[in-house]
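Asks: Coordinates in run_14.tsv, TSV, C-alpha atoms and all ligand atoms, are listed below.
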```
chain	number	residue	atom	x	y	z
L	1	MET	CA	13.54	-13.81	-14.03
L	2	LYS	CA	15.44	-11.05	-15.69
L	3	ASN	CA	13.28	-8.15	-16.81
L	4	ILE	CA	10.75	-7.23	-14.15
L	5	LEU	CA	7.91	-4.75	-14.64
L	6	VAL	CA	6.92	-3.14	-11.34
L	7	THR	CA	3.61	-1.33	-11.75
L	8	GLY	CA	2.75	1.37	-9.23
L	9	GLY	CA	6.46	1.58	-8.45
L	10	ALA	CA	6.30	5.34	-7.80
L	11	GLY	CA	3.90	4.84	-4.90
L	12	PHE	CA	4.65	4.13	-1.26
L	13	ILE	CA	5.26	0.36	-1.11
L	14	GLY	CA	6.06	-0.05	-4.81
L	15	SER	CA	8.93	2.44	-4.55
L	16	ALA	CA	10.33	0.65	-1.47
L	17	PHE	CA	10.19	-2.55	-3.52
L	18	VAL	CA	11.92	-0.91	-6.53
L	19	ARG	CA	14.68	0.53	-4.32
L	20	HIS	CA	15.15	-2.86	-2.66
L	21	MET	CA	15.21	-4.84	-5.93
L	22	VAL	CA	17.50	-2.44	-7.82
L	23	SER	CA	20.14	-2.62	-5.10
L	24	SER	CA	19.72	-6.32	-4.18
L	25	TYR	CA	19.68	-7.75	-7.72
L	26	PRO	CA	22.07	-5.94	-10.07
L	27	GLU	CA	21.50	-8.81	-12.54
L	28	TYR	CA	17.80	-7.95	-12.94
L	29	ASN	CA	16.41	-5.06	-14.98
L	30	ILE	CA	13.73	-3.26	-13.02
L	31	VAL	CA	11.23	-1.25	-15.08
L	32	CYS	CA	8.85	0.93	-13.09
L	33	TYR	CA	5.52	1.51	-14.84
L	34	ASP	CA	3.35	4.15	-13.20
L	35	LYS	CA	0.61	6.58	-14.17
L	36	LEU	CA	1.82	9.12	-11.59
L	37	THR	CA	-1.60	9.81	-10.11
L	38	TYR	CA	-1.89	12.12	-7.09
L	39	ALA	CA	-0.28	9.31	-5.05
L	40	GLY	CA	2.59	8.57	-7.44
L	41	ASN	CA	5.75	10.54	-6.77
L	42	ILE	CA	8.95	10.39	-8.74
L	43	ASP	CA	10.81	11.76	-5.68
L	44	ASN	CA	10.30	8.31	-4.12
L	45	LEU	CA	12.63	6.90	-6.76
L	46	LEU	CA	15.42	9.50	-6.53
L	47	PRO	CA	17.70	7.05	-4.65
L	48	VAL	CA	17.78	4.73	-7.73
L	49	SER	CA	17.27	7.18	-10.60
L	50	ASP	CA	20.88	6.87	-11.83
L	51	GLU	CA	21.18	3.09	-11.48
L	52	GLU	CA	21.88	1.16	-14.66
L	53	ASN	CA	19.37	-1.60	-14.00
L	54	TYR	CA	16.46	0.82	-13.44
L	55	ARG	CA	14.08	2.41	-15.98
L	56	PHE	CA	10.89	4.44	-15.63
L	57	GLU	CA	7.90	4.42	-18.02
L	58	ARG	CA	4.82	6.52	-17.44
L	59	GLY	CA	1.54	4.79	-18.26
L	60	ASP	CA	-1.81	3.47	-17.10
L	61	VAL	CA	-2.15	-0.24	-16.26
L	62	ALA	CA	-5.59	-0.21	-17.89
L	63	ASP	CA	-4.21	1.19	-21.18
L	64	ARG	CA	-3.70	-1.96	-23.24
L	65	LYS	CA	-1.63	-0.38	-26.03
L	66	THR	CA	0.93	1.18	-23.71
L	67	VAL	CA	1.17	-1.95	-21.57
L	68	GLU	CA	1.80	-4.01	-24.71
L	69	ARG	CA	4.45	-1.58	-25.97
L	70	VAL	CA	6.33	-1.61	-22.65
L	71	LEU	CA	6.20	-5.43	-22.33
L	72	ASN	CA	7.75	-5.71	-25.79
L	73	ARG	CA	10.25	-2.90	-25.44
L	74	TYR	CA	11.87	-4.38	-22.33
L	75	ALA	CA	11.22	-8.08	-23.09
L	76	ILE	CA	9.41	-8.28	-19.76
L	77	ASP	CA	9.25	-11.79	-18.24
L	78	THR	CA	7.84	-10.95	-14.80
L	79	ILE	CA	5.16	-8.54	-13.56
L	80	VAL	CA	4.71	-7.34	-9.99
L	81	ASN	CA	1.46	-5.39	-9.76
L	82	PHE	CA	1.45	-2.74	-7.03
L	83	ALA	CA	-0.57	-0.23	-9.09
L	84	ALA	CA	-3.80	0.67	-7.33
L	85	GLU	CA	-6.00	3.35	-6.00
L	86	SER	CA	-5.32	2.61	-2.36
L	87	HIS	CA	-7.18	4.93	0.02
L	88	VAL	CA	-10.43	3.67	1.58
L	89	ASP	CA	-11.82	7.16	2.25
L	90	ARG	CA	-11.36	8.18	-1.39
L	91	SER	CA	-13.06	4.93	-2.48
L	92	ILE	CA	-16.09	5.93	-0.42
L	93	LEU	CA	-16.19	9.40	-2.01
L	94	ASP	CA	-15.48	8.23	-5.60
L	95	PRO	CA	-15.28	4.50	-6.41
L	96	ASP	CA	-14.78	4.89	-10.21
L	97	ALA	CA	-11.00	5.06	-10.32
L	98	PHE	CA	-10.81	2.00	-8.03
L	99	ILE	CA	-12.69	-0.18	-10.49
L	100	HIS	CA	-10.61	1.20	-13.37
L	101	THR	CA	-7.20	0.56	-11.83
L	102	ASP	CA	-7.65	-2.22	-9.27
L	103	VAL	CA	-10.01	-4.40	-11.33
L	104	VAL	CA	-9.71	-3.47	-15.04
L	105	GLY	CA	-6.00	-2.63	-14.70
L	106	ALA	CA	-5.23	-6.02	-13.13
L	107	TYR	CA	-7.16	-7.71	-15.93
L	108	ILE	CA	-5.33	-5.82	-18.71
L	109	LEU	CA	-1.95	-6.65	-17.18
L	110	LEU	CA	-2.85	-10.32	-16.89
L	111	ASP	CA	-4.23	-10.46	-20.41
L	112	GLU	CA	-1.32	-8.67	-22.06
L	113	GLY	CA	1.09	-10.65	-19.88
L	114	ARG	CA	-0.46	-13.91	-21.07
L	115	LYS	CA	-0.33	-12.89	-24.75
L	116	HIS	CA	3.27	-11.85	-24.31
L	117	GLY	CA	4.09	-15.21	-22.66
L	118	ILE	CA	5.49	-13.80	-19.42
L	119	GLY	CA	6.54	-16.05	-16.56
L	120	ARG	CA	5.46	-15.06	-13.07
L	121	PHE	CA	2.71	-12.56	-12.30
L	122	CYS	CA	2.71	-11.31	-8.72
L	123	GLN	CA	-0.40	-9.49	-7.49
L	124	VAL	CA	0.07	-7.28	-4.44
L	125	SER	CA	-3.12	-7.42	-2.40
L	126	THR	CA	-4.35	-6.63	1.09
L	127	ASP	CA	-5.82	-8.06	4.29
L	128	GLU	CA	-8.89	-5.90	3.59
L	129	VAL	CA	-10.24	-8.58	1.21
L	130	TYR	CA	-11.10	-10.69	4.31
L	131	GLY	CA	-13.14	-7.83	5.77
L	132	ASP	CA	-13.82	-7.22	9.41
L	133	ILE	CA	-12.63	-10.03	11.69
L	134	GLU	CA	-13.94	-9.84	15.24
L	135	GLU	CA	-11.50	-12.33	16.73
L	136	GLY	CA	-8.78	-14.75	15.70
L	137	LEU	CA	-6.54	-14.42	12.63
L	138	SER	CA	-7.42	-14.53	8.92
L	139	LYS	CA	-5.87	-17.42	7.02
L	140	GLU	CA	-5.30	-17.57	3.27
L	141	ASP	CA	-8.25	-19.89	2.60
L	142	ASP	CA	-10.77	-17.78	4.52
L	143	ARG	CA	-13.61	-16.37	2.48
L	144	PHE	CA	-13.60	-12.85	1.04
L	145	LEU	CA	-15.96	-10.37	2.72
L	146	PRO	CA	-14.74	-6.97	1.49
L	147	ASN	CA	-16.66	-4.01	2.88
L	148	SER	CA	-15.35	-0.86	1.18
L	149	PRO	CA	-15.24	-0.13	-2.56
L	150	TYR	CA	-11.43	-0.26	-2.20
L	151	ALA	CA	-11.47	-3.71	-0.59
L	152	ALA	CA	-14.02	-5.01	-3.11
L	153	SER	CA	-11.89	-3.75	-6.02
L	154	LYS	CA	-8.80	-5.47	-4.63
L	155	ALA	CA	-10.81	-8.68	-4.16
L	156	GLY	CA	-11.98	-8.37	-7.79
L	157	GLY	CA	-8.39	-7.99	-9.00
L	158	GLU	CA	-7.37	-11.07	-7.01
L	159	LEU	CA	-10.20	-13.17	-8.43
L	160	MET	CA	-9.11	-12.30	-11.95
L	161	VAL	CA	-5.56	-13.44	-11.08
L	162	ARG	CA	-6.99	-16.72	-9.81
L	163	ALA	CA	-9.01	-17.15	-13.01
L	164	TYR	CA	-5.94	-16.59	-15.21
L	165	HIS	CA	-4.04	-19.20	-13.22
L	166	VAL	CA	-6.80	-21.81	-13.37
L	167	THR	CA	-8.00	-21.11	-16.92
L	168	TYR	CA	-4.77	-20.31	-18.76
L	169	GLY	CA	-2.21	-21.89	-16.45
L	170	MET	CA	-0.51	-18.57	-15.77
L	171	ASP	CA	2.20	-18.64	-13.12
L	172	THR	CA	0.74	-16.39	-10.42
L	173	VAL	CA	1.29	-15.56	-6.80
L	174	ILE	CA	-0.74	-13.25	-4.56
L	175	THR	CA	0.56	-11.38	-1.52
L	176	ARG	CA	-1.81	-9.96	1.11
L	177	GLY	CA	-0.11	-7.33	3.22
L	178	SER	CA	-1.45	-5.77	6.38
L	179	ASN	CA	-1.60	-2.00	7.05
L	180	THR	CA	1.79	-0.71	6.00
L	181	TYR	CA	3.66	2.33	7.30
L	182	GLY	CA	7.06	3.94	6.87
L	183	PRO	CA	8.86	6.71	4.96
L	184	TYR	CA	7.45	8.06	1.66
L	185	GLN	CA	3.81	7.23	2.47
L	186	TYR	CA	1.35	9.77	1.06
L	187	PRO	CA	0.14	11.82	4.03
L	188	GLU	CA	-3.53	10.84	3.77
L	189	LYS	CA	-3.13	7.47	5.56
L	190	LEU	CA	-3.37	7.40	9.34
L	191	ILE	CA	0.29	7.48	10.41
L	192	PRO	CA	1.81	10.01	7.97
L	193	PHE	CA	-1.35	12.14	8.08
L	194	PHE	CA	-1.34	12.39	11.86
L	195	ALA	CA	2.46	12.83	12.10
L	196	THR	CA	2.51	15.73	9.62
L	197	GLU	CA	-0.63	17.36	11.07
L	198	ALA	CA	0.73	17.10	14.61
L	199	LEU	CA	4.02	18.67	13.50
L	200	ASP	CA	1.92	21.72	12.54
L	201	ASP	CA	-0.13	21.57	15.78
L	202	ARG	CA	-3.28	20.79	13.84
L	203	PRO	CA	-6.19	18.58	15.09
L	204	LEU	CA	-6.01	14.80	14.60
L	205	PRO	CA	-9.42	13.46	13.49
L	206	VAL	CA	-9.87	10.00	15.06
L	207	TYR	CA	-12.84	8.16	13.53
L	208	GLY	CA	-15.50	6.88	15.93
L	209	ASP	CA	-14.19	5.71	19.29
L	210	GLY	CA	-10.64	5.04	18.03
L	211	LYS	CA	-10.84	1.44	19.29
L	212	GLN	CA	-10.58	-0.07	15.82
L	213	ILE	CA	-7.65	-2.47	15.42
L	214	ARG	CA	-5.16	-2.59	12.58
L	215	ASP	CA	-2.16	-4.89	12.19
L	216	TRP	CA	0.90	-2.79	11.28
L	217	LEU	CA	3.73	-3.82	8.95
L	218	TYR	CA	6.86	-1.73	8.29
L	219	VAL	CA	7.31	-0.93	4.60
L	220	ASP	CA	10.76	-2.52	4.20
L	221	ASP	CA	9.43	-5.75	5.71
L	222	HIS	CA	6.56	-5.64	3.22
L	223	ALA	CA	8.96	-5.09	0.29
L	224	ARG	CA	11.19	-7.98	1.39
L	225	GLY	CA	8.09	-10.15	1.77
L	226	VAL	CA	7.02	-9.52	-1.82
L	227	ASP	CA	10.58	-10.32	-2.97
L	228	ARG	CA	10.51	-13.60	-1.03
L	229	LEU	CA	7.12	-14.67	-2.39
L	230	LEU	CA	7.97	-13.59	-5.93
L	231	HIS	CA	10.95	-15.96	-5.79
L	232	ALA	CA	9.65	-18.77	-3.57
L	233	GLY	CA	5.85	-18.62	-3.58
L	234	LYS	CA	4.04	-21.64	-5.03
L	235	SER	CA	2.19	-20.92	-8.27
L	236	GLY	CA	-1.52	-20.25	-7.82
L	237	GLU	CA	-1.16	-19.57	-4.09
L	238	ALA	CA	-1.84	-16.54	-1.91
L	239	TYR	CA	0.25	-15.58	1.14
L	240	ASN	CA	-0.44	-13.25	4.04
L	241	LEU	CA	2.30	-10.74	4.83
L	242	ALA	CA	1.12	-9.99	8.34
L	243	GLY	CA	2.84	-7.51	10.62
L	244	GLU	CA	1.58	-9.36	13.70
L	245	ASN	CA	1.61	-5.99	15.46
L	246	GLN	CA	-2.04	-5.31	16.35
L	247	ARG	CA	-2.80	-1.87	17.76
L	248	HIS	CA	-5.88	0.25	18.52
L	249	ASN	CA	-5.96	3.41	16.40
L	250	ILE	CA	-6.10	5.60	19.48
L	251	ASP	CA	-2.93	3.99	20.86
L	252	VAL	CA	-1.14	4.58	17.55
L	253	THR	CA	-2.29	8.21	17.69
L	254	ARG	CA	-1.02	8.68	21.26
L	255	ARG	CA	2.31	7.11	20.38
L	256	ILE	CA	2.79	9.49	17.42
L	257	LEU	CA	2.15	12.43	19.74
L	258	GLN	CA	4.61	11.04	22.31
L	259	VAL	CA	7.40	10.63	19.75
L	260	LEU	CA	6.83	14.22	18.60
L	261	GLY	CA	6.45	15.60	22.12
L	262	LYS	CA	3.02	17.04	21.22
L	263	PRO	CA	-0.01	17.23	23.55
L	264	GLU	CA	-2.99	14.83	23.48
L	265	SER	CA	-5.25	17.87	23.28
L	266	LEU	CA	-4.72	17.69	19.48
L	267	ILE	CA	-6.93	14.56	19.37
L	268	ARG	CA	-10.51	15.05	18.07
L	269	TYR	CA	-13.07	12.24	17.96
L	270	VAL	CA	-15.00	12.74	14.72
L	271	PRO	CA	-17.98	10.95	13.08
L	272	ASP	CA	-16.95	7.49	11.93
L	273	ARG	CA	-15.99	6.36	8.42
L	274	GLU	CA	-18.96	4.72	6.68
L	275	GLY	CA	-18.81	0.89	6.79
L	276	HIS	CA	-15.66	1.11	8.95
L	277	ASP	CA	-14.07	-2.31	9.56
L	278	ARG	CA	-13.44	-2.77	13.26
L	279	ARG	CA	-10.50	-5.11	13.12
L	280	TYR	CA	-8.03	-6.67	10.69
L	281	ALA	CA	-5.65	-9.39	11.83
L	282	MET	CA	-3.87	-12.16	9.90
L	283	THR	CA	-1.46	-14.98	10.58
L	284	ALA	CA	1.85	-14.94	8.69
L	285	GLU	CA	2.48	-18.65	9.22
L	286	LYS	CA	2.38	-19.61	5.53
L	287	ALA	CA	4.88	-16.90	4.43
L	288	ARG	CA	7.06	-17.71	7.45
L	289	ALA	CA	7.35	-21.30	6.22
L	290	LEU	CA	9.05	-19.84	3.11
L	291	GLY	CA	11.59	-17.99	5.22
L	292	TRP	CA	10.03	-14.52	5.49
L	293	ARG	CA	9.90	-12.81	8.86
L	294	ARG	CA	9.03	-9.22	9.66
L	295	GLU	CA	11.94	-7.53	11.39
L	296	TYR	CA	10.40	-4.34	12.72
L	297	GLU	CA	8.60	-4.23	16.06
L	298	PHE	CA	5.93	-1.56	15.91
L	299	ASP	CA	7.55	0.84	18.38
L	300	ARG	CA	10.87	0.86	16.52
L	301	GLY	CA	9.21	1.22	13.11
L	302	LEU	CA	6.89	3.98	14.29
L	303	GLU	CA	9.72	5.99	15.81
L	304	ALA	CA	11.81	5.65	12.64
L	305	THR	CA	8.80	6.72	10.56
L	306	VAL	CA	7.81	9.74	12.63
L	307	ASN	CA	11.45	10.87	12.72
L	308	TRP	CA	11.62	10.54	8.94
L	309	TYR	CA	8.63	12.88	8.51
L	310	MET	CA	10.24	15.28	10.97
L	311	ASP	CA	13.47	15.30	8.95
L	312	ASN	CA	11.96	15.31	5.44
L	313	GLU	CA	9.61	18.25	5.19
L	314	TRP	CA	10.95	18.83	1.63
L	315	TRP	CA	9.14	15.61	0.68
L	316	TRP	CA	5.69	16.17	2.21
L	317	ARG	CA	5.18	19.95	2.40
L	318	LYS	CA	4.77	20.30	-1.37
L	319	ILE	CA	2.25	17.41	-1.39
L	320	LYS	CA	-0.01	19.13	1.14
L	321	THR	CA	-1.24	21.73	-1.35
L	322	GLY	CA	-3.73	21.89	-4.24
L	323	GLU	CA	-5.72	18.68	-4.71
L	324	TYR	CA	-4.68	17.45	-1.25
L	325	LEU	CA	-6.38	20.42	0.39
L	326	GLU	CA	-9.54	19.84	-1.66
L	327	PHE	CA	-9.64	16.23	-0.46
L	328	TYR	CA	-9.00	17.40	3.12
L	329	GLN	CA	-12.00	19.74	2.90
L	330	ARG	CA	-14.30	17.05	1.52
L	331	GLN	CA	-13.19	14.45	4.01
L	332	TYR	CA	-12.67	16.40	7.21
L	333	ALA	CA	-14.29	19.85	7.25
L	334	ALA	CA	-17.77	18.71	8.34
L	335	ARG	CA	-16.35	15.95	10.54
L	336	LEU	CA	-14.10	18.33	12.45
L	337	ALA	CA	-16.94	20.79	12.84
L	338	ALA	CA	-18.93	17.97	14.51
L	339	SER	CA	-15.99	16.71	16.58
L	340	SER	CA	-15.65	16.17	20.29
L	341	LEU	CA	-12.46	16.27	22.37
C	1	LIG	P1	0.03	4.22	-3.24
C	1	LIG	O1	-1.33	4.84	-3.38
C	1	LIG	O2	1.06	4.91	-2.43
C	1	LIG	O3	0.66	4.01	-4.69
C	1	LIG	C1	-0.07	3.57	-5.79
C	1	LIG	C2	0.77	3.81	-7.05
C	1	LIG	O4	0.03	3.29	-8.17
C	1	LIG	C3	1.04	5.29	-7.33
C	1	LIG	O5	2.39	5.47	-7.69
C	1	LIG	C4	0.10	5.60	-8.50
C	1	LIG	O6	0.60	6.63	-9.35
C	1	LIG	C5	0.05	4.25	-9.20
C	1	LIG	N1	-1.17	4.10	-10.00
C	1	LIG	C6	-2.45	4.35	-9.63
C	1	LIG	N2	-3.29	4.10	-10.64
C	1	LIG	C7	-2.53	3.67	-11.68
C	1	LIG	C8	-2.83	3.24	-12.99
C	1	LIG	N3	-4.08	3.22	-13.46
C	1	LIG	N4	-1.82	2.85	-13.78
C	1	LIG	C9	-0.53	2.88	-13.34
C	1	LIG	N5	-0.19	3.29	-12.11
C	1	LIG	C10	-1.18	3.67	-11.28
C	1	LIG	O7	-0.25	2.75	-2.72
C	1	LIG	P2	0.63	1.83	-1.74
C	1	LIG	O8	0.22	2.10	-0.36
C	1	LIG	O9	2.04	1.87	-2.12
C	1	LIG	O10	0.03	0.40	-2.13
C	1	LIG	C11	0.64	-0.38	-3.15
C	1	LIG	C12	-0.11	-1.68	-3.29
C	1	LIG	O11	-0.10	-2.38	-2.06
C	1	LIG	C13	-1.59	-1.50	-3.66
C	1	LIG	O12	-1.93	-2.49	-4.59
C	1	LIG	C14	-2.32	-1.69	-2.36
C	1	LIG	O13	-3.61	-2.20	-2.58
C	1	LIG	C15	-1.42	-2.70	-1.66
C	1	LIG	N6	-1.45	-2.65	-0.19
C	1	LIG	C16	-1.27	-1.48	0.47
C	1	LIG	C17	-1.26	-1.47	1.87
C	1	LIG	C18	-1.05	-0.19	2.64
C	1	LIG	O14	-1.22	-0.21	3.87
C	1	LIG	N7	-0.66	0.91	2.04
C	1	LIG	C19	-1.42	-2.67	2.56
C	1	LIG	C20	-1.59	-3.86	1.85
C	1	LIG	C21	-1.59	-3.83	0.46
C	2	LIG	P1	-5.96	4.13	6.87
C	2	LIG	O1	-4.55	4.57	7.08
C	2	LIG	O2	-6.84	4.92	5.99
C	2	LIG	O3	-5.88	2.60	6.41
C	2	LIG	P2	-7.07	1.51	6.21
C	2	LIG	O4	-8.37	2.20	6.16
C	2	LIG	O5	-6.70	0.92	4.89
C	2	LIG	O6	-6.96	0.55	7.34
C	2	LIG	O7	-6.66	4.04	8.30
C	2	LIG	C1	-6.14	3.24	9.33
C	2	LIG	C2	-7.13	3.30	10.48
C	2	LIG	O8	-7.14	4.65	10.99
C	2	LIG	C3	-8.56	2.99	10.07
C	2	LIG	O9	-9.21	2.27	11.11
C	2	LIG	C4	-9.19	4.36	9.91
C	2	LIG	C5	-8.45	5.21	10.94
C	2	LIG	N1	-8.32	6.65	10.57
C	2	LIG	C6	-8.79	7.63	11.45
C	2	LIG	O10	-9.31	7.35	12.55
C	2	LIG	N2	-8.70	8.93	11.06
C	2	LIG	C7	-8.14	9.31	9.88
C	2	LIG	O11	-8.11	10.53	9.56
C	2	LIG	C8	-7.64	8.28	9.00
C	2	LIG	C9	-7.02	8.64	7.67
C	2	LIG	C10	-7.76	6.96	9.40
```
For this file, write the structure as structure tokens.

Replies:
Amino acid sequence: MKNILVTGGAGFIGSAFVRHMVSSYPEYNIVCYDKLTYAGNIDNLLPVSDEENYRFERGDVADRKTVERVLNRYAIDTIVNFAAESHVDRSILDPDAFIHTDVVGAYILLDEGRKHGIGRFCQVSTDEVYGDIEEGLSKEDDRFLPNSPYAASKAGGELMVRAYHVTYGMDTVITRGSNTYGPYQYPEKLIPFFATEALDDRPLPVYGDGKQIRDWLYVDDHARGVDRLLHAGKSGEAYNLAGENQRHNIDVTRRILQVLGKPESLIRYVPDREGHDRRYAMTAEKARALGWRREYEFDRGLEATVNWYMDNEWWWRKIKTGEYLEFYQRQYAARLAASSL
């Protein structure tokens, strides 16, 4: 491993991974390849922009010609694929881009990677491929039951990775992370959305009864997990990166308000997300056996995250304009109008 292509490296988790890899492995060259969609943000990479072992290339993972050019230009031997459309609500409004990036993009990267003779291909995936799990913990061999267009696209990408391993003998590894939170997360996902809205004393739209359960993983733990599995994961295998911090959405919401010293009267119960999965929960046993452990307890991670949004308005205020406001209208206007306290 010497020249690593990190796709989607200008996004939330991808940029944490790039920052981690650039500083931890001065002997590696880290090339970030990103289309810079609404969710991609070059500000996320400012901490490494002057480092010698870091390069940025703008491009689409589904654009074969550009992928080929970049693989050749940097003699890439390893690909870590974070690039994705990643927001469930947007996948319900408009699934097209999800198929393009999460399915076709994964395929193009695998296919060009194979032709180029790369070594390891690491696919960053999600616990959402398992779908709703009423009780117990999802294990790596459990069946896929994705419920949203986002989850189905990620499952499709994973299946293509499996096929390239079995059919062409490609060296692959798949990571399945749980709901991730931390600094630099686009403020449409639950925690950064609610933290930034609450800072402005705006209503927090909780879907349904707020009793849905998510398992929360701090972003730096996720990035270290991908590093560990990239280096130590067995070829052809998938590994859960579970936070093992299960929380009800409403409790997460209350905790955000507590950290900010804001009143619970900001909470609004709004009509539920369509096809909303009630609960995600995984075991991290398999990744733990390779030496990975999450370090952040939820309370510590949440406080650090909310404080970061409090201290870094320069980062998120400029995002909450233009297209963001259009999405907000489509997603929340009618819901908030139909809300209850
Ligand atoms: P994000 O939306 O913050 O970032 C996605 C990045 O991919 C952006 O920089 C965007 O510009 C880039 N991108 C999108 N389409 C592209 C394309 N066609 N070509 C090149 N680049 C493109 O997402 P994130 O939260 O950082 O998630 C990263 C990965 O981790 C995704 O694959 C996601 O499925 C997975 N994941 C996320 C979570 C989570 O809770 N956020 C949990 C588990 C797994
Ligand atoms: P989200 O951050 O979108 O992640 P995911 O859908 O991938 O789990 O949502 C986390 C949980 O919070 C999910 O159960 C949906 C819920 N949620 C709300 O109740 N209101 C909101 O405005 C958002 C964005 C999410």

Asks: 7 Å from ligand LIG 1 (chain C) is the threshold here; counting only C-alpha atoms and all ligand atoms, which polymer residues fall inside it? Answer as a count of residues only.

Replies: 44

Asks: Identify, on the basis of only C-alpha atoms, every residue whose closest approach to region 142-153 of chain L does not exceed 9 Å; exclude the query and any residue fewer than 4 positions from it along the same chain; express the result as a ChimeraX atom specification.

Replies: /L:85-92,94-95,98-103,126-132,138,157-158,274-277

Asks: Counting all atoms listed in the file, which of L:Leu325, L:Leu302, L:Val206, L:Met310 gets nearest to ligand LIG 2 (chain C)?

Replies: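 Result for the nearest residue to ligand LIG 2 (chain C): L:Val206.
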
Asks: Residues up to 8 Å from ligand LIG 2 (chain C), counting only C-alpha atoms and all ligand atoms: could you list those as a VMD selection string?

Replies: chain L and resid 86 to 89 128 179 188 to 191 193 to 194 204 to 208 210 212 to 214 249 to 250 272 to 273 276 to 279 332

Asks: Next, write the just-selected residues to a file, as a PDB file, in the frame of the given file, keeping C-alpha atoms as the atom set.

Replies:
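Full text of result-v4.pdb as output:
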```
ATOM      1  CA  SER L  86      -5.320   2.610  -2.360  1.00  0.00           C
ATOM      2  CA  HIS L  87      -7.180   4.930   0.020  1.00  0.00           C
ATOM      3  CA  VAL L  88     -10.430   3.670   1.580  1.00  0.00           C
ATOM      4  CA  ASP L  89     -11.820   7.160   2.250  1.00  0.00           C
ATOM      5  CA  GLU L 128      -8.890  -5.900   3.590  1.00  0.00           C
ATOM      6  CA  ASN L 179      -1.600  -2.000   7.050  1.00  0.00           C
ATOM      7  CA  GLU L 188      -3.530  10.840   3.770  1.00  0.00           C
ATOM      8  CA  LYS L 189      -3.130   7.470   5.560  1.00  0.00           C
ATOM      9  CA  LEU L 190      -3.370   7.400   9.340  1.00  0.00           C
ATOM     10  CA  ILE L 191       0.290   7.480  10.410  1.00  0.00           C
ATOM     11  CA  PHE L 193      -1.350  12.140   8.080  1.00  0.00           C
ATOM     12  CA  PHE L 194      -1.340  12.390  11.860  1.00  0.00           C
ATOM     13  CA  LEU L 204      -6.010  14.800  14.600  1.00  0.00           C
ATOM     14  CA  PRO L 205      -9.420  13.460  13.490  1.00  0.00           C
ATOM     15  CA  VAL L 206      -9.870  10.000  15.060  1.00  0.00           C
ATOM     16  CA  TYR L 207     -12.840   8.160  13.530  1.00  0.00           C
ATOM     17  CA  GLY L 208     -15.500   6.880  15.930  1.00  0.00           C
ATOM     18  CA  GLY L 210     -10.640   5.040  18.030  1.00  0.00           C
ATOM     19  CA  GLN L 212     -10.580  -0.070  15.820  1.00  0.00           C
ATOM     20  CA  ILE L 213      -7.650  -2.470  15.420  1.00  0.00           C
ATOM     21  CA  ARG L 214      -5.160  -2.590  12.580  1.00  0.00           C
ATOM     22  CA  ASN L 249      -5.960   3.410  16.400  1.00  0.00           C
ATOM     23  CA  ILE L 250      -6.100   5.600  19.480  1.00  0.00           C
ATOM     24  CA  ASP L 272     -16.950   7.490  11.930  1.00  0.00           C
ATOM     25  CA  ARG L 273     -15.990   6.360   8.420  1.00  0.00           C
ATOM     26  CA  HIS L 276     -15.660   1.110   8.950  1.00  0.00           C
ATOM     27  CA  ASP L 277     -14.070  -2.310   9.560  1.00  0.00           C
ATOM     28  CA  ARG L 278     -13.440  -2.770  13.260  1.00  0.00           C
ATOM     29  CA  ARG L 279     -10.500  -5.110  13.120  1.00  0.00           C
ATOM     30  CA  TYR L 332     -12.670  16.400   7.210  1.00  0.00           C
TER      31      TYR L 332
END
```

Asks: How many Å separate CA of Leu217 (chain L) from CA of Pro47 (chain L)?

Replies: 22.3 Å

Asks: Please identify all polymer residues within 8 Å of Met1 (chain L), counting all atoms listed in the file, omitting same-chain residues fewer than 6 positions from it, and present them as a list in words.

Replies: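 Near Met1 (chain L), the qualifying residues are Tyr28, Asp77, Thr78 and Gly119 of chain L.
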
Asks: So the first atom is CA of Ala155 (chain L) and the second is CA of Asp63 (chain L); what is the distance between them in Å, to one decimal place?

Replies: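 The value is 20.8 Å.
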
Asks: Scan for residues within 10 Å of the point (9.7, -9.4, -1.9) in the coordinates of the file, using all atoms listed in the file, and reply as a PyMOL selection string.

Replies: chain L and resi 17-18+20-21+80+122+175+220-232+292

Asks: Considering only C-alpha atoms, state which residue in the set L:Tyr269, L:Tyr25, L:Trp216, L:Phe121 is at the smallest distance from Glu244 (chain L).

Replies: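 Residue with the minimum atom-to-atom distance to Glu244 (chain L): L:Trp216.
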
Asks: Nearest to Ala338 (chain L): which of L:Val270, L:Gly301, L:Tyr107, L:Glu326 is it, counting only C-alpha atoms?

Replies: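 Ranked by minimum distance to Ala338 (chain L), first place goes to L:Val270.
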
Asks: So how far away is CA of Glu197 (chain L) from CA of Arg335 (chain L), in Å?

Replies: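 Calculated distance between CA of Arg335 (chain L) and CA of Glu197 (chain L) is 15.8 Å.
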
Asks: Under the rule that only C-alpha atoms are counted, which of L:Gly236, L:Pro203, L:Pro183, L:Gly113 is the nearest residue to Gly169 (chain L)?

Replies: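 Nearest candidate to Gly169 (chain L) out of L:Gly236, L:Pro203, L:Pro183, L:Gly113: L:Gly236.
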
Asks: With all atoms listed in the file as the counted atoms, please give the residues lying no more than 12 Å from Thr167 (chain L), apart from itself and same-chain residues fewer than 4 positions off, as a list in words.

Replies: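 The neighbour list is Leu110, Asp111, Arg114, Leu159, Met160, Val161, Arg162, Ala163, Asp171, Thr172 and Gly236 of chain L.
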
Asks: Counting all atoms listed in the file, which residue out of L:Ile256, L:Val104, L:Ala289, L:Val67 sits closest to Tyr309 (chain L)?

Replies: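 Residue with the minimum atom-to-atom distance to Tyr309 (chain L): L:Ile256.
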